[in-house]
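Quick look at model.csv (CSV, C-alpha atoms and all ligand atoms):
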```csv
chain,number,residue,atom,x,y,z
A,4,MET,CA,3.5,-20.5,3.9
A,5,SER,CA,3.9,-23.9,2.6
A,6,LEU,CA,4.9,-24.4,-1.0
A,7,LEU,CA,3.0,-27.7,-1.0
A,8,LEU,CA,-0.1,-25.7,-1.9
A,9,HIS,CA,1.4,-25.0,-5.3
A,10,SER,CA,1.7,-28.4,-6.7
A,11,HIS,CA,2.1,-27.3,-10.3
A,12,THR,CA,4.6,-24.5,-9.4
A,13,VAL,CA,6.5,-26.9,-7.1
A,14,ARG,CA,7.0,-29.2,-10.0
A,15,GLN,CA,8.4,-26.3,-12.0
A,16,LEU,CA,10.6,-25.3,-9.0
A,17,GLY,CA,11.7,-28.9,-8.6
A,18,GLU,CA,12.8,-28.9,-12.2
A,19,ILE,CA,14.6,-25.7,-11.5
A,20,VAL,CA,16.5,-27.2,-8.6
A,21,ASN,CA,17.1,-30.6,-10.0
A,22,GLY,CA,17.6,-29.7,-13.7
A,23,THR,CA,20.0,-27.4,-15.3
A,24,LEU,CA,19.5,-24.1,-13.4
A,25,MET,CA,19.0,-21.1,-15.7
A,26,HIS,CA,20.8,-17.9,-14.6
A,27,GLY,CA,17.5,-16.2,-13.9
A,28,TYR,CA,13.7,-16.5,-13.6
A,29,VAL,CA,10.7,-14.3,-13.3
A,30,PHE,CA,8.0,-15.4,-10.9
A,31,HIS,CA,4.8,-13.8,-12.0
A,32,GLY,CA,1.2,-14.0,-10.7
A,33,PRO,CA,-1.1,-12.0,-8.5
A,34,ALA,CA,0.0,-10.4,-5.2
A,35,GLY,CA,-0.3,-12.5,-2.1
A,36,ILE,CA,0.0,-15.8,-3.9
A,37,GLY,CA,3.4,-16.9,-2.6
A,38,LYS,CA,5.9,-15.8,-5.2
A,39,ALA,CA,8.3,-14.2,-2.6
A,40,THR,CA,7.9,-17.2,-0.3
A,41,ALA,CA,8.8,-19.5,-3.2
A,42,ALA,CA,11.9,-17.4,-4.0
A,43,ARG,CA,12.9,-17.7,-0.4
A,44,ASP,CA,12.3,-21.4,-0.3
A,45,LEU,CA,14.3,-21.9,-3.4
A,46,SER,CA,17.2,-19.9,-1.9
A,47,LYS,CA,17.0,-22.2,1.1
A,48,ARG,CA,17.1,-25.3,-1.1
A,49,LEU,CA,20.2,-24.0,-2.9
A,50,ASN,CA,22.0,-22.9,0.3
A,51,CYS,CA,20.9,-25.1,3.2
A,52,ARG,CA,22.9,-28.2,3.9
A,53,GLN,CA,19.8,-30.0,5.3
A,54,GLY,CA,17.7,-29.5,2.2
A,55,GLY,CA,16.0,-26.3,3.2
A,56,ASN,CA,14.2,-27.7,6.3
A,57,ASP,CA,13.9,-24.3,8.0
A,58,ALA,CA,15.6,-25.4,11.2
A,59,CYS,CA,19.2,-24.5,10.5
A,60,ILE,CA,20.9,-21.1,11.0
A,61,ILE,CA,21.2,-20.5,7.2
A,62,CYS,CA,17.4,-21.0,6.7
A,63,ARG,CA,16.6,-18.7,9.6
A,64,GLN,CA,19.0,-16.1,8.3
A,65,ILE,CA,17.4,-16.3,4.8
A,66,ASP,CA,14.0,-15.8,6.5
A,67,SER,CA,15.2,-12.7,8.4
A,68,GLY,CA,17.0,-11.3,5.3
A,69,SER,CA,20.4,-11.4,6.9
A,70,TYR,CA,22.1,-14.2,5.0
A,71,PRO,CA,24.8,-12.5,2.9
A,72,ASN,CA,24.4,-14.7,-0.1
A,73,VAL,CA,20.7,-14.0,-0.6
A,74,ILE,CA,20.3,-10.4,-1.6
A,75,VAL,CA,16.9,-8.8,-1.8
A,76,VAL,CA,16.3,-5.6,-3.7
A,77,ARG,CA,12.9,-3.8,-3.4
A,78,PRO,CA,11.6,-0.3,-3.5
A,79,GLN,CA,13.0,1.7,-0.5
A,80,ASP,CA,12.3,5.3,0.1
A,81,LYS,CA,10.2,5.8,-3.0
A,82,PRO,CA,7.7,3.7,-5.0
A,83,SER,CA,10.2,2.8,-7.7
A,84,ILE,CA,13.4,0.8,-7.9
A,85,GLY,CA,15.9,3.3,-9.4
A,86,ILE,CA,19.1,2.8,-11.4
A,87,ASP,CA,21.1,3.7,-8.3
A,88,GLN,CA,19.8,0.5,-6.5
A,89,ILE,CA,20.8,-1.6,-9.5
A,90,ARG,CA,24.2,0.0,-9.6
A,91,ASP,CA,24.7,-0.8,-5.9
A,92,LEU,CA,23.7,-4.4,-6.7
A,93,GLY,CA,26.2,-4.5,-9.5
A,94,GLN,CA,28.9,-3.4,-7.0
A,95,MET,CA,28.0,-6.2,-4.7
A,96,LEU,CA,27.9,-8.8,-7.5
A,97,SER,CA,31.3,-7.8,-8.7
A,98,LEU,CA,32.8,-8.9,-5.4
A,99,GLN,CA,33.4,-12.6,-4.5
A,100,PRO,CA,30.4,-14.2,-2.7
A,101,TYR,CA,30.7,-14.0,1.1
A,102,VAL,CA,30.0,-17.7,1.4
A,103,LYS,CA,31.7,-19.9,-1.1
A,104,SER,CA,29.3,-22.9,-0.9
A,105,GLY,CA,25.8,-22.9,-2.2
A,106,ARG,CA,24.6,-20.4,-4.7
A,107,ARG,CA,24.2,-16.6,-4.4
A,108,VAL,CA,20.6,-15.6,-5.0
A,109,VAL,CA,19.5,-12.1,-6.0
A,110,ILE,CA,15.7,-11.5,-5.5
A,111,ILE,CA,14.2,-8.4,-7.0
A,112,ASP,CA,10.9,-8.1,-5.2
A,113,GLU,CA,8.3,-5.9,-7.0
A,114,ALA,CA,10.5,-5.9,-10.1
A,115,GLN,CA,7.7,-4.1,-11.9
A,116,ALA,CA,8.7,-1.0,-9.9
A,117,MET,CA,12.0,-0.9,-11.7
A,118,THR,CA,12.4,2.2,-13.8
A,119,ARG,CA,13.2,1.7,-17.5
A,120,GLU,CA,16.8,2.8,-16.7
A,121,ALA,CA,17.1,0.3,-13.9
A,122,GLN,CA,15.8,-2.5,-16.1
A,123,ASN,CA,18.4,-1.6,-18.7
A,124,ALA,CA,21.1,-1.6,-16.1
A,125,LEU,CA,19.9,-5.0,-14.9
A,126,LEU,CA,20.1,-6.3,-18.4
A,127,LYS,CA,23.9,-6.3,-18.2
A,128,PHE,CA,23.8,-8.9,-15.4
A,129,ILE,CA,21.2,-10.9,-17.3
A,130,GLU,CA,23.4,-11.0,-20.4
A,131,GLU,CA,26.6,-11.6,-18.6
A,132,PRO,CA,25.5,-13.4,-15.4
A,133,PRO,CA,28.0,-13.5,-12.5
A,134,PRO,CA,29.2,-17.0,-11.7
A,135,ALA,CA,27.1,-19.2,-9.3
A,136,THR,CA,24.4,-16.5,-9.0
A,137,LEU,CA,20.7,-17.0,-9.5
A,138,LEU,CA,18.5,-14.0,-10.3
A,139,ILE,CA,14.8,-14.1,-9.4
A,140,LEU,CA,12.5,-11.3,-10.5
A,141,ILE,CA,9.1,-11.1,-8.8
A,142,SER,CA,6.3,-9.3,-10.6
A,143,PRO,CA,2.5,-9.5,-10.9
A,144,THR,CA,2.7,-9.7,-14.7
A,145,LEU,CA,5.3,-10.1,-17.4
A,146,GLN,CA,3.9,-7.2,-19.3
A,147,THR,CA,5.1,-4.6,-16.8
A,148,LEU,CA,8.7,-5.5,-17.5
A,149,LEU,CA,10.8,-4.8,-20.6
A,150,PRO,CA,10.6,-7.7,-23.2
A,151,THR,CA,14.4,-7.6,-23.4
A,152,VAL,CA,14.5,-8.5,-19.7
A,153,THR,CA,11.7,-11.2,-19.7
A,154,SER,CA,12.8,-12.9,-22.9
A,155,ARG,CA,16.1,-13.8,-21.3
A,156,LEU,CA,14.6,-15.3,-18.1
A,157,GLY,CA,12.6,-18.5,-17.4
A,158,ALA,CA,9.0,-17.6,-16.5
A,159,VAL,CA,7.3,-19.4,-13.7
A,160,TYR,CA,3.6,-18.6,-13.3
A,161,PHE,CA,1.8,-18.7,-10.0
A,162,GLN,CA,-1.9,-19.2,-10.4
A,163,PRO,CA,-4.6,-18.6,-7.8
A,164,LEU,CA,-5.2,-21.8,-5.8
A,165,ASP,CA,-8.3,-23.7,-5.1
A,166,GLU,CA,-10.1,-21.8,-2.3
A,167,THR,CA,-10.9,-25.0,-0.4
A,168,ALA,CA,-7.2,-25.9,-0.4
A,169,VAL,CA,-6.4,-22.5,1.0
A,170,ALA,CA,-9.1,-22.8,3.7
A,171,ALA,CA,-7.8,-26.3,4.7
A,172,TRP,CA,-4.3,-24.9,4.8
A,173,LEU,CA,-5.3,-22.0,7.0
A,174,MET,CA,-7.0,-24.4,9.4
A,175,ALA,CA,-4.1,-26.8,9.6
A,176,ASP,CA,-1.2,-24.3,9.5
A,177,ARG,CA,-2.7,-21.3,11.2
A,178,ASN,CA,-5.0,-23.0,13.6
A,179,ALA,CA,-7.9,-20.8,12.3
A,180,SER,CA,-11.5,-21.8,12.8
A,181,SER,CA,-13.4,-23.4,9.9
A,182,LEU,CA,-15.6,-20.3,9.4
A,183,ASP,CA,-12.8,-17.8,9.5
A,184,SER,CA,-10.7,-19.9,7.2
A,185,THR,CA,-13.4,-20.4,4.6
A,186,THR,CA,-14.3,-16.6,4.7
A,187,ALA,CA,-10.6,-15.5,4.3
A,188,ALA,CA,-9.9,-18.1,1.6
A,189,ALA,CA,-12.9,-17.0,-0.4
A,190,ARG,CA,-12.2,-13.3,0.0
A,191,SER,CA,-8.6,-13.8,-1.0
A,192,GLY,CA,-9.6,-15.3,-4.4
A,193,GLY,CA,-7.3,-18.3,-3.8
A,194,ARG,CA,-4.2,-16.3,-2.7
A,195,PRO,CA,-2.8,-17.8,0.5
A,196,GLY,CA,-0.7,-14.7,1.4
A,197,LEU,CA,-3.7,-12.4,1.2
A,198,ALA,CA,-5.8,-14.9,3.1
A,199,VAL,CA,-3.3,-14.8,6.0
A,200,THR,CA,-3.5,-10.9,5.9
A,201,LEU,CA,-7.3,-11.0,5.9
A,202,LEU,CA,-7.3,-13.6,8.7
A,203,GLY,CA,-5.0,-11.5,10.8
A,204,ALA,CA,-7.1,-8.4,10.2
A,205,GLY,CA,-10.0,-10.2,11.9
A,206,GLY,CA,-13.6,-10.4,10.8
A,207,SER,CA,-14.8,-6.8,11.3
A,208,ALA,CA,-11.7,-5.2,9.9
A,209,VAL,CA,-12.0,-7.4,6.8
A,210,GLU,CA,-15.6,-6.3,6.4
A,211,SER,CA,-14.8,-2.6,6.7
A,212,ALA,CA,-11.9,-2.9,4.2
A,213,VAL,CA,-14.1,-4.6,1.7
A,214,SER,CA,-16.8,-2.0,2.2
A,215,ALA,CA,-14.3,0.9,1.8
A,216,ALA,CA,-12.9,-0.8,-1.3
A,217,ALA,CA,-16.5,-0.9,-2.8
A,218,LYS,CA,-17.0,2.8,-2.1
A,219,LEU,CA,-13.7,3.7,-3.7
A,220,THR,CA,-14.6,2.1,-6.9
A,221,HIS,CA,-18.3,3.0,-7.2
A,222,GLY,CA,-20.2,6.3,-7.5
A,223,THR,CA,-19.1,9.7,-8.6
A,224,LEU,CA,-15.5,10.8,-8.6
A,225,PHE,CA,-16.4,13.3,-5.8
A,226,ALA,CA,-17.9,10.6,-3.6
A,227,ARG,CA,-14.9,8.4,-4.1
A,228,LEU,CA,-12.5,11.1,-3.2
A,229,VAL,CA,-14.6,11.8,-0.1
A,230,GLU,CA,-14.3,8.1,0.8
A,231,ALA,CA,-10.5,8.3,0.4
A,232,ALA,CA,-10.4,11.3,2.8
A,233,ARG,CA,-12.6,9.5,5.3
A,234,ILE,CA,-10.5,6.3,5.3
A,235,ALA,CA,-7.4,8.4,6.0
A,236,ALA,CA,-9.0,10.6,8.6
A,237,ALA,CA,-10.5,7.5,10.4
A,238,LYS,CA,-7.0,6.0,10.3
A,239,GLU,CA,-8.4,2.8,8.9
A,240,ASP,CA,-5.9,0.2,7.6
A,241,ALA,CA,-5.3,1.5,4.1
A,242,SER,CA,-3.1,-1.4,3.3
A,243,ALA,CA,-6.0,-3.8,4.0
A,244,VAL,CA,-8.1,-1.6,1.7
A,245,ALA,CA,-5.5,-2.0,-1.0
A,246,ASP,CA,-5.6,-5.8,-0.6
A,247,ALA,CA,-9.4,-5.7,-0.7
A,248,LEU,CA,-9.3,-3.6,-3.9
A,249,HIS,CA,-6.9,-6.1,-5.5
A,250,ALA,CA,-9.1,-9.0,-4.4
A,251,ALA,CA,-12.2,-7.3,-5.9
A,252,ALA,CA,-10.4,-6.7,-9.2
A,253,ALA,CA,-9.4,-10.4,-9.3
A,254,GLU,CA,-12.9,-11.5,-8.5
A,255,ASN,CA,-14.3,-9.3,-11.3
A,256,LEU,CA,-11.8,-10.8,-13.7
A,257,LYS,CA,-12.7,-14.3,-12.7
A,258,ASN,CA,-16.5,-13.7,-12.9
A,259,ASP,CA,-16.2,-11.7,-16.1
A,260,THR,CA,-17.9,-8.7,-14.5
A,261,MET,CA,-15.2,-6.3,-15.6
A,262,PRO,CA,-13.3,-6.0,-18.9
A,263,PRO,CA,-9.9,-7.7,-18.4
A,264,ALA,CA,-7.9,-4.5,-19.2
A,265,ALA,CA,-9.9,-2.6,-16.6
A,266,ALA,CA,-9.4,-5.3,-14.0
A,267,GLY,CA,-5.7,-5.4,-14.8
A,268,ARG,CA,-5.5,-1.6,-14.4
A,269,MET,CA,-7.3,-1.8,-11.0
A,270,MET,CA,-4.9,-4.5,-9.8
A,271,GLU,CA,-1.9,-2.6,-10.8
A,272,ALA,CA,-3.3,0.6,-9.2
A,273,ALA,CA,-3.9,-1.4,-6.0
A,274,GLU,CA,-0.4,-2.7,-6.0
A,275,ARG,CA,1.0,0.8,-6.6
A,276,MET,CA,-1.1,2.0,-3.7
A,277,LYS,CA,0.6,-0.6,-1.5
A,278,ARG,CA,4.0,0.6,-2.6
A,279,TYR,CA,3.1,4.2,-1.9
A,280,LEU,CA,1.9,3.2,1.5
A,281,GLY,CA,5.2,1.5,2.2
A,282,SER,CA,7.1,4.7,1.2
A,283,ASN,CA,6.8,8.3,2.4
A,284,VAL,CA,3.4,9.0,0.7
A,285,THR,CA,0.6,9.8,3.1
A,286,PRO,CA,-2.3,7.3,3.2
A,287,ARG,CA,-4.7,10.0,2.0
A,288,SER,CA,-2.5,10.8,-1.0
A,289,ALA,CA,-2.1,7.0,-1.8
A,290,LEU,CA,-5.9,6.5,-1.7
A,291,GLU,CA,-6.5,9.6,-3.8
A,292,ARG,CA,-4.0,8.5,-6.4
A,293,PHE,CA,-5.8,5.1,-6.6
A,294,VAL,CA,-9.2,6.8,-7.2
A,295,LEU,CA,-7.7,9.0,-9.9
A,296,GLU,CA,-5.9,6.2,-11.6
A,297,VAL,CA,-9.0,3.9,-12.0
A,298,VAL,CA,-11.4,6.7,-13.1
B,1,ZN,ZN,18.3,-25.0,6.5
```

Take the structure in this file and express it as structure tokens.
Ligand SMILES: [Zn+2]
Amino acid sequence: MSLLLHSHTVRQLGEIVNGTLMHGYVFHGPAGIGKATAARDLSKRLNCRQGGNDACIICRQIDSGSYPNVIVVRPQDKPSIGIDQIRDLGQMLSLQPYVKSGRRVVIIDEAQAMTREAQNALLKFIEEPPPATLLILISPTLQTLLPTVTSRLGAVYFQPLDETAVAAWLMADRNASSLDSTTAAARSGGRPGLAVTLLGAGGSAVESAVSAAAKLTHGTLFARLVEAARIAAAKEDASAVADALHAAAAENLKNDTMPPAAAGRMMEAAERMKRYLGSNVTPRSALERFVLEVV
């Protein structure tokens, strides 16, 4: 995904790269907008000897997650990031960097999933940062993190992009048709990552995910739980449904058709659902939790 889409954010990142680098940042904004991509791009610019042009071995290793100086922490077997993961990180950071040149980057993806204990443990590195190490937290909002953590980091906000820009980018970068690009861009609410997912899911799959999302959020509790069971039994793509739920909440927020607090809760519940789906929770249970959380 090209960072060129985010002109405002790119300016901020440029200042980060060219100016005095702080020891840590939190990238916040809705899911699927390009926060993790930006963190990876920044890691490349700080470590690549060719300016982060994607072609070299270092850039490719950063993309595949195998470059030793770019450490990514995210929820593993369970939906949360626990204190044990942060302690492991601490052990790694106490060692000399594997590669002496460039800058070691620690990316905490889905930082909002950190438990309170994990965040407190992380605070130690934020207060006494290891040398030549940049910390990047990725989170949908600042509010889901402890104020003691966010107040010590630079905040970079990623806002939804203009839908026509996303559509144009899908056509140019993904070779998608004009109709598919326009539809996916509009459905994504200006989030390029989500637009790519929707594009990949194909027209009919997008329609069924959007329709399932509507059924999960309307009608009686019983009807919504029945829909959750149906999606799971039909083995429909629950992750695409979670994306559609998130997009619907974002659209409601934008159009003022839902109180901001309720839309925020729905987005967070959809994000939790994605995390559950990536862990050992069954799709049915993840869907049911969503329904119960947004009652
Ligand atoms: Zn490179």

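Environment of ligand ZN 1 (chain B), defined as every protein or nucleic acid residue with an atom within 8 Å of it and counting all atoms listed in the file, comprises A:Lys47, A:Arg48, A:Asn50, A:Cys51, A:Arg52, A:Gln53, A:Gly54, A:Gly55, A:Asn56, A:Asp57, A:Ala58, A:Cys59, A:Ile60, A:Ile61, A:Cys62, A:Arg63.
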
Quick check, in Å to one decimal: how far apart do CA of Gly267 in chain A and CA of Ala116 in chain A lie? 15.8 Å

What's around Ser214 in chain A at 12 Å? Count all atoms listed in the file, leave out sequence neighbours fewer than 2 positions away in its own chain, and write the answer as an NGL selection string. :A and (207-212 or 216-221 or 230 or 234 or 239 or 243-245 or 247-248 or 251)

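Note that CA of Tyr279 in chain A and CA of Asp80 in chain A are 9.5 Å apart.
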
Here is a test: counting all atoms listed in the file, which residue of A:Gly27, A:Gln64, A:Ser184, A:Arg43 is nearest to Leu126 in chain A? A:Gly27

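Reported to one decimal place, the separation of CA of His31 in chain A from CA of Pro263 in chain A is 17.2 Å.
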
Neighbours of Ala114 in chain A within 12 Å (only C-alpha atoms; same-chain residues fewer than 3 positions away dropped), as a ChimeraX atom specification? /A:28-31,38-39,75-78,82-85,88-89,109-111,117-119,121-122,125,138-149,152-153,278

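Among the candidates A:Ser67, A:Gln79, A:Glu113, A:Gly203, the one nearest to Gly281 in chain A when counting all atoms listed in the file is A:Gln79.
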
Of the candidates A:Lys127, A:Arg106, A:Arg287, A:Arg190, which shows the shortest atom-to-atom distance to Leu228 in chain A, using only C-alpha atoms? A:Arg287

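Here the question is which of A:Leu295, A:Ala175, A:Ala189, A:Ala253 gets nearest to Gln162 in chain A using all atoms listed in the file, and that residue is A:Ala253.
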
Hey, which of A:Leu182, A:Ile36, A:Ala215, A:Met25 ends up closest to Val294 in chain A? Count all atoms listed in the file. A:Ala215

Which polymer residues, whether protein, DNA or RNA, lie within 12 Å of the coordinate (0.6, 6.7, 0.3) when you count only C-alpha atoms? List them as a PyMOL selection string, using the chain letters and numbers from the file. chain A and resi 80-82+231+235+240-242+245+272-293

Missing atoms of range 153-185 of chain A rebuilt to N, CA and C atoms, written as a PDB file, in the coordinates of the input:
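Contents of result-v5.pdb, freshly written:
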```pdb
ATOM      1  N   THR A 153      12.467  -9.914 -19.877  1.00  0.00           N
ATOM      2  CA  THR A 153      11.700 -11.200 -19.700  1.00  0.00           C
ATOM      3  C   THR A 153      12.140 -12.260 -20.655  1.00  0.00           C
ATOM      4  N   SER A 154      12.502 -11.858 -21.873  1.00  0.00           N
ATOM      5  CA  SER A 154      12.800 -12.900 -22.900  1.00  0.00           C
ATOM      6  C   SER A 154      14.088 -13.650 -22.528  1.00  0.00           C
ATOM      7  N   ARG A 155      14.899 -13.103 -21.632  1.00  0.00           N
ATOM      8  CA  ARG A 155      16.100 -13.800 -21.300  1.00  0.00           C
ATOM      9  C   ARG A 155      16.034 -14.566 -19.958  1.00  0.00           C
ATOM     10  N   LEU A 156      14.813 -14.621 -19.405  1.00  0.00           N
ATOM     11  CA  LEU A 156      14.600 -15.300 -18.100  1.00  0.00           C
ATOM     12  C   LEU A 156      13.595 -16.419 -18.277  1.00  0.00           C
ATOM     13  N   GLY A 157      13.684 -17.418 -17.417  1.00  0.00           N
ATOM     14  CA  GLY A 157      12.600 -18.500 -17.400  1.00  0.00           C
ATOM     15  C   GLY A 157      11.436 -17.914 -16.641  1.00  0.00           C
ATOM     16  N   ALA A 158      10.238 -18.130 -17.180  1.00  0.00           N
ATOM     17  CA  ALA A 158       9.000 -17.600 -16.500  1.00  0.00           C
ATOM     18  C   ALA A 158       8.345 -18.713 -15.734  1.00  0.00           C
ATOM     19  N   VAL A 159       8.009 -18.425 -14.487  1.00  0.00           N
ATOM     20  CA  VAL A 159       7.300 -19.400 -13.700  1.00  0.00           C
ATOM     21  C   VAL A 159       5.986 -18.676 -13.205  1.00  0.00           C
ATOM     22  N   TYR A 160       4.851 -19.205 -13.651  1.00  0.00           N
ATOM     23  CA  TYR A 160       3.600 -18.600 -13.300  1.00  0.00           C
ATOM     24  C   TYR A 160       2.950 -19.162 -12.074  1.00  0.00           C
ATOM     25  N   PHE A 161       2.505 -18.293 -11.181  1.00  0.00           N
ATOM     26  CA  PHE A 161       1.800 -18.700 -10.000  1.00  0.00           C
ATOM     27  C   PHE A 161       0.329 -18.417 -10.133  1.00  0.00           C
ATOM     28  N   GLN A 162      -0.457 -19.478 -10.226  1.00  0.00           N
ATOM     29  CA  GLN A 162      -1.900 -19.200 -10.400  1.00  0.00           C
ATOM     30  C   GLN A 162      -2.625 -19.265  -9.093  1.00  0.00           C
ATOM     31  N   PRO A 163      -3.772 -18.543  -9.021  1.00  0.00           N
ATOM     32  CA  PRO A 163      -4.600 -18.600  -7.800  1.00  0.00           C
ATOM     33  C   PRO A 163      -4.931 -20.060  -7.497  1.00  0.00           C
ATOM     34  N   LEU A 164      -4.986 -20.380  -6.208  1.00  0.00           N
ATOM     35  CA  LEU A 164      -5.200 -21.800  -5.800  1.00  0.00           C
ATOM     36  C   LEU A 164      -6.679 -22.027  -5.556  1.00  0.00           C
ATOM     37  N   ASP A 165      -6.996 -23.290  -5.454  1.00  0.00           N
ATOM     38  CA  ASP A 165      -8.300 -23.700  -5.100  1.00  0.00           C
ATOM     39  C   ASP A 165      -8.667 -23.166  -3.703  1.00  0.00           C
ATOM     40  N   GLU A 166      -9.814 -22.481  -3.570  1.00  0.00           N
ATOM     41  CA  GLU A 166     -10.100 -21.800  -2.300  1.00  0.00           C
ATOM     42  C   GLU A 166     -10.283 -22.854  -1.148  1.00  0.00           C
ATOM     43  N   THR A 167     -10.789 -24.052  -1.452  1.00  0.00           N
ATOM     44  CA  THR A 167     -10.900 -25.000  -0.400  1.00  0.00           C
ATOM     45  C   THR A 167      -9.564 -25.501   0.120  1.00  0.00           C
ATOM     46  N   ALA A 168      -8.593 -25.538  -0.800  1.00  0.00           N
ATOM     47  CA  ALA A 168      -7.200 -25.900  -0.400  1.00  0.00           C
ATOM     48  C   ALA A 168      -6.638 -24.850   0.511  1.00  0.00           C
ATOM     49  N   VAL A 169      -6.893 -23.576   0.157  1.00  0.00           N
ATOM     50  CA  VAL A 169      -6.400 -22.500   1.000  1.00  0.00           C
ATOM     51  C   VAL A 169      -7.031 -22.520   2.363  1.00  0.00           C
ATOM     52  N   ALA A 170      -8.350 -22.755   2.392  1.00  0.00           N
ATOM     53  CA  ALA A 170      -9.100 -22.800   3.700  1.00  0.00           C
ATOM     54  C   ALA A 170      -8.525 -23.956   4.535  1.00  0.00           C
ATOM     55  N   ALA A 171      -8.325 -25.118   3.919  1.00  0.00           N
ATOM     56  CA  ALA A 171      -7.800 -26.300   4.700  1.00  0.00           C
ATOM     57  C   ALA A 171      -6.426 -25.971   5.223  1.00  0.00           C
ATOM     58  N   TRP A 172      -5.629 -25.279   4.409  1.00  0.00           N
ATOM     59  CA  TRP A 172      -4.300 -24.900   4.800  1.00  0.00           C
ATOM     60  C   TRP A 172      -4.311 -23.946   6.017  1.00  0.00           C
ATOM     61  N   LEU A 173      -5.220 -22.962   5.950  1.00  0.00           N
ATOM     62  CA  LEU A 173      -5.300 -22.000   7.000  1.00  0.00           C
ATOM     63  C   LEU A 173      -5.704 -22.691   8.348  1.00  0.00           C
ATOM     64  N   MET A 174      -6.599 -23.670   8.244  1.00  0.00           N
ATOM     65  CA  MET A 174      -7.000 -24.400   9.400  1.00  0.00           C
ATOM     66  C   MET A 174      -5.860 -25.204  10.023  1.00  0.00           C
ATOM     67  N   ALA A 175      -5.134 -25.892   9.133  1.00  0.00           N
ATOM     68  CA  ALA A 175      -4.100 -26.800   9.600  1.00  0.00           C
ATOM     69  C   ALA A 175      -2.840 -25.991  10.050  1.00  0.00           C
ATOM     70  N   ASP A 176      -2.453 -24.994   9.243  1.00  0.00           N
ATOM     71  CA  ASP A 176      -1.200 -24.300   9.500  1.00  0.00           C
ATOM     72  C   ASP A 176      -1.319 -23.126  10.419  1.00  0.00           C
ATOM     73  N   ARG A 177      -2.467 -22.469  10.394  1.00  0.00           N
ATOM     74  CA  ARG A 177      -2.700 -21.300  11.200  1.00  0.00           C
ATOM     75  C   ARG A 177      -3.618 -21.459  12.351  1.00  0.00           C
ATOM     76  N   ASN A 178      -4.089 -22.681  12.508  1.00  0.00           N
ATOM     77  CA  ASN A 178      -5.000 -23.000  13.600  1.00  0.00           C
ATOM     78  C   ASN A 178      -6.252 -22.085  13.602  1.00  0.00           C
ATOM     79  N   ALA A 179      -6.692 -21.677  12.409  1.00  0.00           N
ATOM     80  CA  ALA A 179      -7.900 -20.800  12.300  1.00  0.00           C
ATOM     81  C   ALA A 179      -9.127 -21.650  12.343  1.00  0.00           C
ATOM     82  N   SER A 180     -10.226 -21.031  12.768  1.00  0.00           N
ATOM     83  CA  SER A 180     -11.500 -21.800  12.800  1.00  0.00           C
ATOM     84  C   SER A 180     -11.957 -22.032  11.364  1.00  0.00           C
ATOM     85  N   SER A 181     -12.875 -22.967  11.249  1.00  0.00           N
ATOM     86  CA  SER A 181     -13.400 -23.400   9.900  1.00  0.00           C
ATOM     87  C   SER A 181     -14.042 -22.175   9.233  1.00  0.00           C
ATOM     88  N   LEU A 182     -14.865 -21.430   9.994  1.00  0.00           N
ATOM     89  CA  LEU A 182     -15.600 -20.300   9.400  1.00  0.00           C
ATOM     90  C   LEU A 182     -14.648 -19.207   8.944  1.00  0.00           C
ATOM     91  N   ASP A 183     -13.728 -18.823   9.839  1.00  0.00           N
ATOM     92  CA  ASP A 183     -12.800 -17.800   9.500  1.00  0.00           C
ATOM     93  C   ASP A 183     -11.933 -18.169   8.271  1.00  0.00           C
ATOM     94  N   SER A 184     -11.509 -19.437   8.251  1.00  0.00           N
ATOM     95  CA  SER A 184     -10.700 -19.900   7.200  1.00  0.00           C
ATOM     96  C   SER A 184     -11.406 -19.871   5.834  1.00  0.00           C
ATOM     97  N   THR A 185     -12.656 -20.337   5.863  1.00  0.00           N
ATOM     98  CA  THR A 185     -13.400 -20.400   4.600  1.00  0.00           C
ATOM     99  C   THR A 185     -13.672 -18.946   4.119  1.00  0.00           C
TER     100      THR A 185
END
```
